[in-house]
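Shown next: my_file-v1.pdb, containing PDB, C-alpha atoms.
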```pdb
ATOM      1  CA  MET A   1      27.175  -3.475 -13.467
ATOM      2  CA  LEU A   2      25.818   0.054 -13.336
ATOM      3  CA  SER A   3      23.454   1.033 -16.112
ATOM      4  CA  PRO A   4      24.363   3.913 -18.450
ATOM      5  CA  ALA A   5      21.621   6.014 -16.843
ATOM      6  CA  THR A   6      23.058   5.454 -13.361
ATOM      7  CA  LEU A   7      26.547   6.338 -14.530
ATOM      8  CA  LEU A   8      25.209   9.496 -16.160
ATOM      9  CA  LEU A   9      23.447  10.561 -12.973
ATOM     10  CA  ALA A  10      26.558   9.878 -10.888
ATOM     11  CA  THR A  11      28.695  11.894 -13.285
ATOM     12  CA  ALA A  12      26.221  14.765 -13.151
ATOM     13  CA  ALA A  13      26.257  14.691  -9.346
ATOM     14  CA  LEU A  14      30.043  14.849  -9.277
ATOM     15  CA  THR A  15      30.028  17.750 -11.713
ATOM     16  CA  ALA A  16      27.488  19.700  -9.656
ATOM     17  CA  ALA A  17      29.249  19.196  -6.308
ATOM     18  CA  ASN A  18      31.112  22.130  -4.784
ATOM     19  CA  THR A  19      34.322  22.114  -2.779
ATOM     20  CA  ILE A  20      33.900  24.365   0.258
ATOM     21  CA  PRO A  21      37.220  25.462   1.812
ATOM     22  CA  VAL A  22      37.355  25.967   5.578
ATOM     23  CA  SER A  23      40.464  27.480   7.194
ATOM     24  CA  VAL A  24      41.349  25.882  10.527
ATOM     25  CA  GLY A  25      43.315  28.185  12.829
ATOM     26  CA  LYS A  26      44.252  30.777  10.206
ATOM     27  CA  ASP A  27      43.073  33.698  12.345
ATOM     28  CA  GLY A  28      43.681  32.354  15.830
ATOM     29  CA  LEU A  29      41.281  29.921  17.462
ATOM     30  CA  THR A  30      38.748  29.963  14.645
ATOM     31  CA  PHE A  31      37.176  28.075  11.802
ATOM     32  CA  SER A  32      36.630  30.349   8.829
ATOM     33  CA  PRO A  33      33.817  30.313   7.943
ATOM     34  CA  ASN A  34      32.272  29.148  11.212
ATOM     35  CA  VAL A  35      28.861  28.666   9.611
ATOM     36  CA  ILE A  36      29.054  26.340   6.618
ATOM     37  CA  ARG A  37      26.163  25.849   4.206
ATOM     38  CA  ALA A  38      26.602  22.643   2.232
ATOM     39  CA  ASN A  39      24.469  20.457   0.003
ATOM     40  CA  VAL A  40      24.514  16.698  -0.392
ATOM     41  CA  GLY A  41      27.522  15.749  -2.498
ATOM     42  CA  ASP A  42      29.535  18.858  -1.625
ATOM     43  CA  VAL A  43      33.047  18.365  -0.268
ATOM     44  CA  ILE A  44      34.098  20.335   2.808
ATOM     45  CA  GLU A  45      37.867  20.791   2.639
ATOM     46  CA  PHE A  46      39.588  21.649   5.915
ATOM     47  CA  ARG A  47      42.880  23.545   5.487
ATOM     48  CA  PHE A  48      45.151  23.664   8.525
ATOM     49  CA  TRP A  49      47.215  26.598   9.820
ATOM     50  CA  PRO A  50      49.680  26.853  12.732
ATOM     51  CA  ARG A  51      50.214  25.337  14.942
ATOM     52  CA  ASN A  52      48.456  22.053  15.638
ATOM     53  CA  HIS A  53      44.731  21.712  15.089
ATOM     54  CA  SER A  54      42.128  19.031  14.437
ATOM     55  CA  VAL A  55      38.501  18.814  13.313
ATOM     56  CA  VAL A  56      35.991  16.596  15.112
ATOM     57  CA  ALA A  57      32.289  16.087  14.368
ATOM     58  CA  GLY A  58      30.536  16.966  17.609
ATOM     59  CA  ASP A  59      27.287  16.577  19.537
ATOM     60  CA  PHE A  60      24.848  19.428  20.196
ATOM     61  CA  THR A  61      24.007  17.976  23.623
ATOM     62  CA  ASN A  62      27.597  17.622  24.849
ATOM     63  CA  ALA A  63      30.009  20.278  23.624
ATOM     64  CA  CYS A  64      33.616  19.401  22.825
ATOM     65  CA  ARG A  65      32.775  15.696  22.702
ATOM     66  CA  PRO A  66      32.632  13.518  19.559
ATOM     67  CA  ALA A  67      29.395  12.512  17.890
ATOM     68  CA  ALA A  68      28.196   9.176  19.243
ATOM     69  CA  SER A  69      27.986   7.641  15.768
ATOM     70  CA  ASN A  70      28.717   8.432  12.124
ATOM     71  CA  GLY A  71      31.230  11.118  13.054
ATOM     72  CA  PHE A  72      34.581  12.108  11.618
ATOM     73  CA  PHE A  73      38.001  13.061  12.939
ATOM     74  CA  SER A  74      40.843  14.582  10.962
ATOM     75  CA  GLY A  75      43.627  13.767  13.385
ATOM     76  CA  PHE A  76      46.083  16.538  14.295
ATOM     77  CA  PHE A  77      47.923  18.539  11.641
ATOM     78  CA  PRO A  78      51.141  20.068  13.065
ATOM     79  CA  THR A  79      51.958  23.071  10.877
ATOM     80  CA  GLN A  80      54.995  25.358  10.841
ATOM     81  CA  PRO A  81      54.622  29.108  11.487
ATOM     82  CA  ASN A  82      53.493  31.337   8.613
ATOM     83  CA  THR A  83      52.496  28.393   6.429
ATOM     84  CA  VAL A  84      49.427  26.397   5.552
ATOM     85  CA  ASN A  85      49.724  22.622   5.816
ATOM     86  CA  ASP A  86      50.440  20.817   2.556
ATOM     87  CA  LYS A  87      47.655  18.325   3.334
ATOM     88  CA  VAL A  88      43.918  18.849   3.743
ATOM     89  CA  PHE A  89      41.110  16.770   5.228
ATOM     90  CA  GLN A  90      38.081  16.313   2.967
ATOM     91  CA  VAL A  91      34.597  15.278   4.070
ATOM     92  CA  THR A  92      31.768  14.565   1.631
ATOM     93  CA  VAL A  93      28.314  15.750   2.709
ATOM     94  CA  SER A  94      25.683  13.005   2.756
ATOM     95  CA  HIS A  95      22.783  15.021   4.224
ATOM     96  CA  THR A  96      21.939  18.520   5.393
ATOM     97  CA  ASN A  97      21.207  17.948   9.097
ATOM     98  CA  PRO A  98      22.883  20.441  11.467
ATOM     99  CA  MET A  99      26.296  19.270  12.718
ATOM    100  CA  PRO A 100      28.696  21.024  15.128
ATOM    101  CA  ILE A 101      32.452  20.657  14.719
ATOM    102  CA  TYR A 102      35.307  21.573  17.035
ATOM    103  CA  CYS A 103      39.076  21.510  17.453
ATOM    104  CA  SER A 104      40.135  18.991  20.105
ATOM    105  CA  GLN A 105      43.507  20.591  20.906
ATOM    106  CA  ASN A 106      43.648  20.985  24.706
ATOM    107  CA  ASN A 107      46.885  22.977  24.904
ATOM    108  CA  GLY A 108      45.019  26.268  25.085
ATOM    109  CA  GLN A 109      41.572  24.610  25.336
ATOM    110  CA  HIS A 110      40.631  25.476  21.776
ATOM    111  CA  CYS A 111      37.039  24.199  21.860
ATOM    112  CA  LYS A 112      36.236  25.898  25.159
ATOM    113  CA  ASN A 113      37.722  29.140  23.844
ATOM    114  CA  GLY A 114      35.538  29.296  20.776
ATOM    115  CA  MET A 115      37.188  27.134  18.104
ATOM    116  CA  VAL A 116      33.895  25.656  16.947
ATOM    117  CA  ALA A 117      31.683  25.830  13.869
ATOM    118  CA  VAL A 118      28.355  24.456  12.678
ATOM    119  CA  ILE A 119      27.508  22.883   9.350
ATOM    120  CA  ASN A 120      23.961  23.638   8.167
ATOM    121  CA  PRO A 121      22.742  25.111  11.485
ATOM    122  CA  ALA A 122      19.104  25.762  12.280
ATOM    123  CA  GLY A 123      17.938  29.357  11.978
ATOM    124  CA  VAL A 124      17.208  29.747  15.694
ATOM    125  CA  GLY A 125      17.238  27.655  18.835
ATOM    126  CA  ARG A 126      19.490  24.924  20.084
ATOM    127  CA  LEU A 127      21.034  23.698  16.829
ATOM    128  CA  THR A 128      22.890  26.937  16.139
ATOM    129  CA  LEU A 129      26.449  28.223  16.346
ATOM    130  CA  GLU A 130      25.526  30.606  19.160
ATOM    131  CA  ALA A 131      24.021  27.868  21.327
ATOM    132  CA  TYR A 132      26.912  25.457  20.750
ATOM    133  CA  THR A 133      29.502  28.175  21.446
ATOM    134  CA  ALA A 134      27.785  29.000  24.745
ATOM    135  CA  LEU A 135      27.721  25.331  25.727
ATOM    136  CA  ALA A 136      31.411  24.932  24.853
ATOM    137  CA  ARG A 137      32.390  27.796  27.179
ATOM    138  CA  ASN A 138      31.364  25.642  30.123
ATOM    139  CA  ALA A 139      33.033  22.467  28.854
ATOM    140  CA  GLY A 140      36.207  20.957  30.221
ATOM    141  CA  ASN A 141      38.954  19.471  28.084
ATOM    142  CA  ALA A 142      37.919  18.424  24.599
ATOM    143  CA  THR A 143      37.898  14.772  23.568
ATOM    144  CA  SER A 144      39.685  13.323  20.536
ATOM    145  CA  PRO A 145      38.237  10.080  19.138
ATOM    146  CA  GLN A 146      40.403   7.012  19.546
ATOM    147  CA  GLY A 147      42.041   5.194  16.673
ATOM    148  CA  GLY A 148      43.211   8.029  14.437
ATOM    149  CA  ALA A 149      41.567   9.840  11.557
ATOM    150  CA  PHE A 150      38.347   8.514  10.039
ATOM    151  CA  GLY A 151      35.249   9.642   8.168
ATOM    152  CA  GLY A 152      37.094  11.550   5.435
ATOM    153  CA  GLN A 153      40.290  11.504   3.463
ATOM    154  CA  VAL A 154      43.641  13.259   3.640
ATOM    155  CA  ALA A 155      44.615  14.808   0.309
ATOM    156  CA  PRO A 156      47.274  17.189  -1.047
ATOM    157  CA  ASN A 157      46.510  20.862  -0.470
ATOM    158  CA  GLU A 158      46.380  22.245  -3.998
ATOM    159  CA  ALA A 159      45.970  25.762  -2.608
ATOM    160  CA  ALA A 160      49.025  25.539  -0.316
ATOM    161  CA  THR A 161      51.350  27.611  -2.516
ATOM    162  CA  SER A 162      48.952  30.489  -3.089
ATOM    163  CA  SER A 163      47.714  30.476   0.503
ATOM    164  CA  THR A 164      51.239  30.607   1.905
ATOM    165  CA  ALA A 165      52.226  33.422  -0.430
ATOM    166  CA  SER A 166      49.235  35.510   0.632
ATOM    167  CA  GLY A 167      49.920  35.002   4.349
ATOM    168  CA  SER A 168      52.358  36.891   6.550
ATOM    169  CA  GLY A 169      56.023  36.319   5.680
ATOM    170  CA  GLY A 170      59.315  36.366   7.499
ATOM    171  CA  GLY A 171      58.653  33.344   9.700
ATOM    172  CA  SER A 172      60.888  30.367  10.183
ATOM    173  CA  GLY A 173      60.255  27.122   8.371
ATOM    174  CA  GLY A 174      59.623  26.372   4.740
ATOM    175  CA  GLY A 175      56.795  24.176   3.536
ATOM    176  CA  GLY A 176      53.680  22.941   5.261
ATOM    177  CA  GLY A 177      53.420  20.618   8.193
ATOM    178  CA  SER A 178      53.436  16.864   8.458
ATOM    179  CA  THR A 179      52.519  14.802   5.412
ATOM    180  CA  ALA A 180      49.977  12.862   7.475
ATOM    181  CA  PRO A 181      47.880  13.814  10.497
ATOM    182  CA  SER A 182      48.682  12.453  13.939
ATOM    183  CA  SER A 183      46.003  10.942  16.148
ATOM    184  CA  ALA A 184      47.080  12.825  19.267
ATOM    185  CA  PRO A 185      48.428  16.312  20.003
ATOM    186  CA  THR A 186      51.728  14.932  21.329
ATOM    187  CA  GLY A 187      54.555  17.423  21.012
ATOM    188  CA  SER A 188      52.288  20.303  20.112
ATOM    189  CA  SER A 189      53.859  23.743  20.299
ATOM    190  CA  GLU A 190      50.448  25.380  20.589
ATOM    191  CA  THR A 191      50.265  28.017  23.320
ATOM    192  CA  THR A 192      47.388  29.695  25.099
ATOM    193  CA  THR A 193      48.365  33.031  23.590
ATOM    194  CA  GLN A 194      47.395  32.017  20.068
ATOM    195  CA  GLY A 195      44.236  33.870  19.089
ATOM    196  CA  ALA A 196      43.003  34.009  22.685
ATOM    197  CA  THR A 197      39.221  34.182  22.932
ATOM    198  CA  THR A 198      37.299  35.301  26.003
ATOM    199  CA  THR A 199      33.654  34.885  26.865
ATOM    200  CA  ALA A 200      33.140  38.642  26.966
ATOM    201  CA  VAL A 201      33.480  39.252  23.233
ATOM    202  CA  PRO A 202      30.587  38.985  20.754
ATOM    203  CA  THR A 203      30.245  36.051  18.384
ATOM    204  CA  THR A 204      31.254  36.724  14.780
ATOM    205  CA  THR A 205      29.579  34.505  12.212
ATOM    206  CA  THR A 206      30.982  34.031   8.711
ATOM    207  CA  VAL A 207      28.862  32.135   6.199
ATOM    208  CA  THR A 208      30.169  30.664   2.947
ATOM    209  CA  THR A 209      27.821  29.069   0.433
ATOM    210  CA  GLY A 210      28.390  27.381  -2.888
ATOM    211  CA  GLY A 211      32.112  26.847  -2.454
ATOM    212  CA  GLY A 212      33.089  30.468  -1.768
ATOM    213  CA  ALA A 213      33.979  33.290  -4.145
ATOM    214  CA  ALA A 214      36.378  31.158  -6.148
ATOM    215  CA  ALA A 215      33.499  28.872  -7.093
ATOM    216  CA  GLY A 216      31.018  31.654  -7.718
ATOM    217  CA  GLY A 217      29.474  31.531  -4.255
ATOM    218  CA  ALA A 218      29.099  34.233  -1.660
ATOM    219  CA  THR A 219      30.539  35.005   1.773
ATOM    220  CA  THR A 220      28.829  37.175   4.386
ATOM    221  CA  THR A 221      29.925  38.124   7.912
ATOM    222  CA  THR A 222      27.679  39.214  10.788
ATOM    223  CA  THR A 223      28.314  39.967  14.475
ATOM    224  CA  THR A 224      25.882  39.107  17.256
ATOM    225  CA  GLY A 225      25.921  39.463  21.007
ATOM    226  CA  ARG A 226      26.751  36.708  23.435
ATOM    227  CA  PRO A 227      24.264  33.849  23.032
ATOM    228  CA  SER A 228      21.979  33.161  25.959
ATOM    229  CA  GLY A 229      20.838  29.649  25.122
ATOM    230  CA  THR A 230      22.811  26.710  26.444
ATOM    231  CA  GLY A 231      20.482  23.741  26.070
ATOM    232  CA  ASN A 232      20.900  21.716  22.892
ATOM    233  CA  ALA A 233      19.000  18.841  21.307
ATOM    234  CA  ALA A 234      20.711  15.987  19.550
ATOM    235  CA  ALA A 235      21.123  16.434  15.834
ATOM    236  CA  GLY A 236      19.896  13.752  13.484
ATOM    237  CA  VAL A 237      22.538  11.608  11.876
ATOM    238  CA  GLY A 238      22.676  10.084   8.448
ATOM    239  CA  VAL A 239      24.629   7.409   6.680
ATOM    240  CA  PRO A 240      27.533   7.710   4.224
ATOM    241  CA  VAL A 241      26.687   8.529   0.609
ATOM    242  CA  ALA A 242      26.488   5.426  -1.511
ATOM    243  CA  GLY A 243      27.710   5.072  -5.058
ATOM    244  CA  LEU A 244      30.255   6.933  -7.084
ATOM    245  CA  VAL A 245      29.946  10.289  -5.315
ATOM    246  CA  ALA A 246      31.197   8.945  -1.972
ATOM    247  CA  VAL A 247      33.723   6.655  -3.609
ATOM    248  CA  ALA A 248      35.206   9.537  -5.616
ATOM    249  CA  VAL A 249      36.066  11.545  -2.517
ATOM    250  CA  GLY A 250      36.119   8.726   0.039
ATOM    251  CA  ALA A 251      34.486  10.648   2.848
ATOM    252  CA  PHE A 252      31.588  10.746   5.282
ATOM    253  CA  PHE A 253      29.339  13.361   6.700
ATOM    254  CA  VAL A 254      26.864  12.917   9.501
TER     255      VAL A 254
END
```
Would you mind writing the structure in this file as structure tokens?
Amino acid sequence: MLSPATLLLATAALTAANTIPVSVGKDGLTFSPNVIRANVGDVIEFRFWPRNHSVVAGDFTNACRPAASNGFFSGFFPTQPNTVNDKVFQVTVSHTNPMPIYCSQNNGQHCKNGMVAVINPAGVGRLTLEAYTALARNAGNATSPQGGAFGGQVAPNEAATSSTASGSGGGSGGGGGSTAPSSAPTGSSETTTQGATTTAVPTTTTVTTGGGAAAGGATTTTTTGRPSGTGNAAAGVGVPVAGLVAVAVGAFFV
């Protein structure tokens, strides 16, 4: 049985944790923000937009490929036009090592065309968004892990109503997409024209800290030129958070 002191510490940790929203595919082939600053215990909540995206924990040495161990995969979230999916994928942060993520949708080669992000990147060098984006440009088809979603939990999207209302209207379809993610992009209606990204454009970096404006955090956006570095070193990996914090959200972070 947990002691009262342990329970108090666990409760305090849960209270202090932030939920950091990340939009997947809202503005074309993007994660927004694409640089995510998160602390141990924070929950990164991926919210899915049309038409059929996924989130995979990647490897800095091999772009558009899953992490060799302790990764996560959301599965695919088919979503109707002009809506946000009524489900989200939540991952609890267990350490602050840099971690790349990517969309593994190959109809349009999303990863290769810039649909990547980095959680807690290094300031310079190989463990950065710029370096991973450059490496992804030379990658082939992205890889989806086998066996379906893992490493996090699917939950109702409490922001679905407000997000849909603030988006563009007039499209076909009513609510969000499927009530559960699929493990493969079968039947995807994604096309290569959605948010096309070319290697000639600069890299735009959006950083959200402390859960975004809604949670009292801050968001900044900067634009840099095309990255020149392509070599990456493997990021360190951690283990899932033990105790009540991980149990409460049921997720993993590398």
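If you measure from each of A:Asn141, A:Asn97, A:Asn82, A:Gln105 to Ile119 (chain A) using all atoms listed in the file, the closest one turns out to be A:Asn97.
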Return as AutoDock Vina command-line options the centre and edge lengths, in Å with one decimal, of the box along x, y and z that encloses every atom of region 15-19 of chain A in the file, padded by 3 Å per side.
```
--center_x 30.9 --center_y 19.9 --center_z -7.2 --size_x 12.8 --size_y 10.4 --size_z 14.9
```
Exercise for review: Check the smallest atom-to-atom distance from each of A:Ser74, A:Gln80, A:Ser104, A:Thr96 to Gly151 (chain A) using all atoms listed in the file, then report the winner.
Suggested key: A:Ser74
**Study point:** Residue nearest Arg126 (chain A) - candidates A:Met99, A:Cys64, A:Cys111, A:Ala57, atoms counted: all atoms listed in the file
**Key:**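 Looking only at the distances to Arg126 (chain A), the closest residue turns out to be A:Met99.
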Practice item. Find, counting only C-alpha atoms, the residue in A:Arg47, A:His95, A:Arg137, A:Lys87 that gets nearest to Val116 (chain A). Key: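 The answer is A:Arg137, which sits nearest to Val116 (chain A).
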Practice item. Work out how far CA of Pro121 (chain A) is from CA of Arg37 (chain A), in Å to one decimal. Key: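 Separation between CA of Arg37 (chain A) and CA of Pro121 (chain A): 8.1 Å.
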Practice item. Could you jot down the CA of Pro100 (chain A) to CA of Thr83 (chain A) separation for me, Å, one decimal place? Key: 26.4 Å
Revision key, fill the gap. Using all atoms listed in the file, the best pick from A:Thr92, A:Asn85, A:Gln109, A:Ser54 as closest to Gly41 (chain A) would be A:Thr92
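Interatomic distance, CA of Asn52 (chain A) to CA of Ala160 (chain A): 16.3 Å.
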Exercise for review: Just the residues within 10 Å of Trp49 (chain A), please, counting all atoms listed in the file, with nothing from its chain fewer than 4 positions along; format it as JSON, numbers by chain.
Suggested key: {"A": [23, 24, 25, 26, 27, 28, 53, 77, 78, 79, 80, 81, 82, 83, 84, 85, 86, 164, 176, 177]}
Review point. Evaluating the PyMOL selection byres ((chain A and resi 90) around 8) on the displayed file yields which residues, as a list in words?
Key: Val43, Ile44, Glu45, Phe46, Val88, Phe89, Val91, Thr92, Gly152, Gln153, Val154, Ala155, Val249 and Ala251 of chain A
Exercise for review: Please check which residues have atoms at most 7 Å from (39.1, 14.4, 15.5) in the file's coordinates, counting all atoms listed in the file, and write them as a ChimeraX atom specification.
Suggested key: /A:54-56,72-75,104,144-145,149
Review point. List as a ChimeraX atom specification: which residues have an atom within 7 Å of (27.9, 26.7, 17.8), counting only C-alpha atoms?
Key: /A:100,116-118,128-133
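Remark: for Asp42 (chain A), the closest of the candidate residues A:Asn120, A:Asn70, A:Asn107, A:Asn18 is A:Asn18 (distances computed over only C-alpha atoms).
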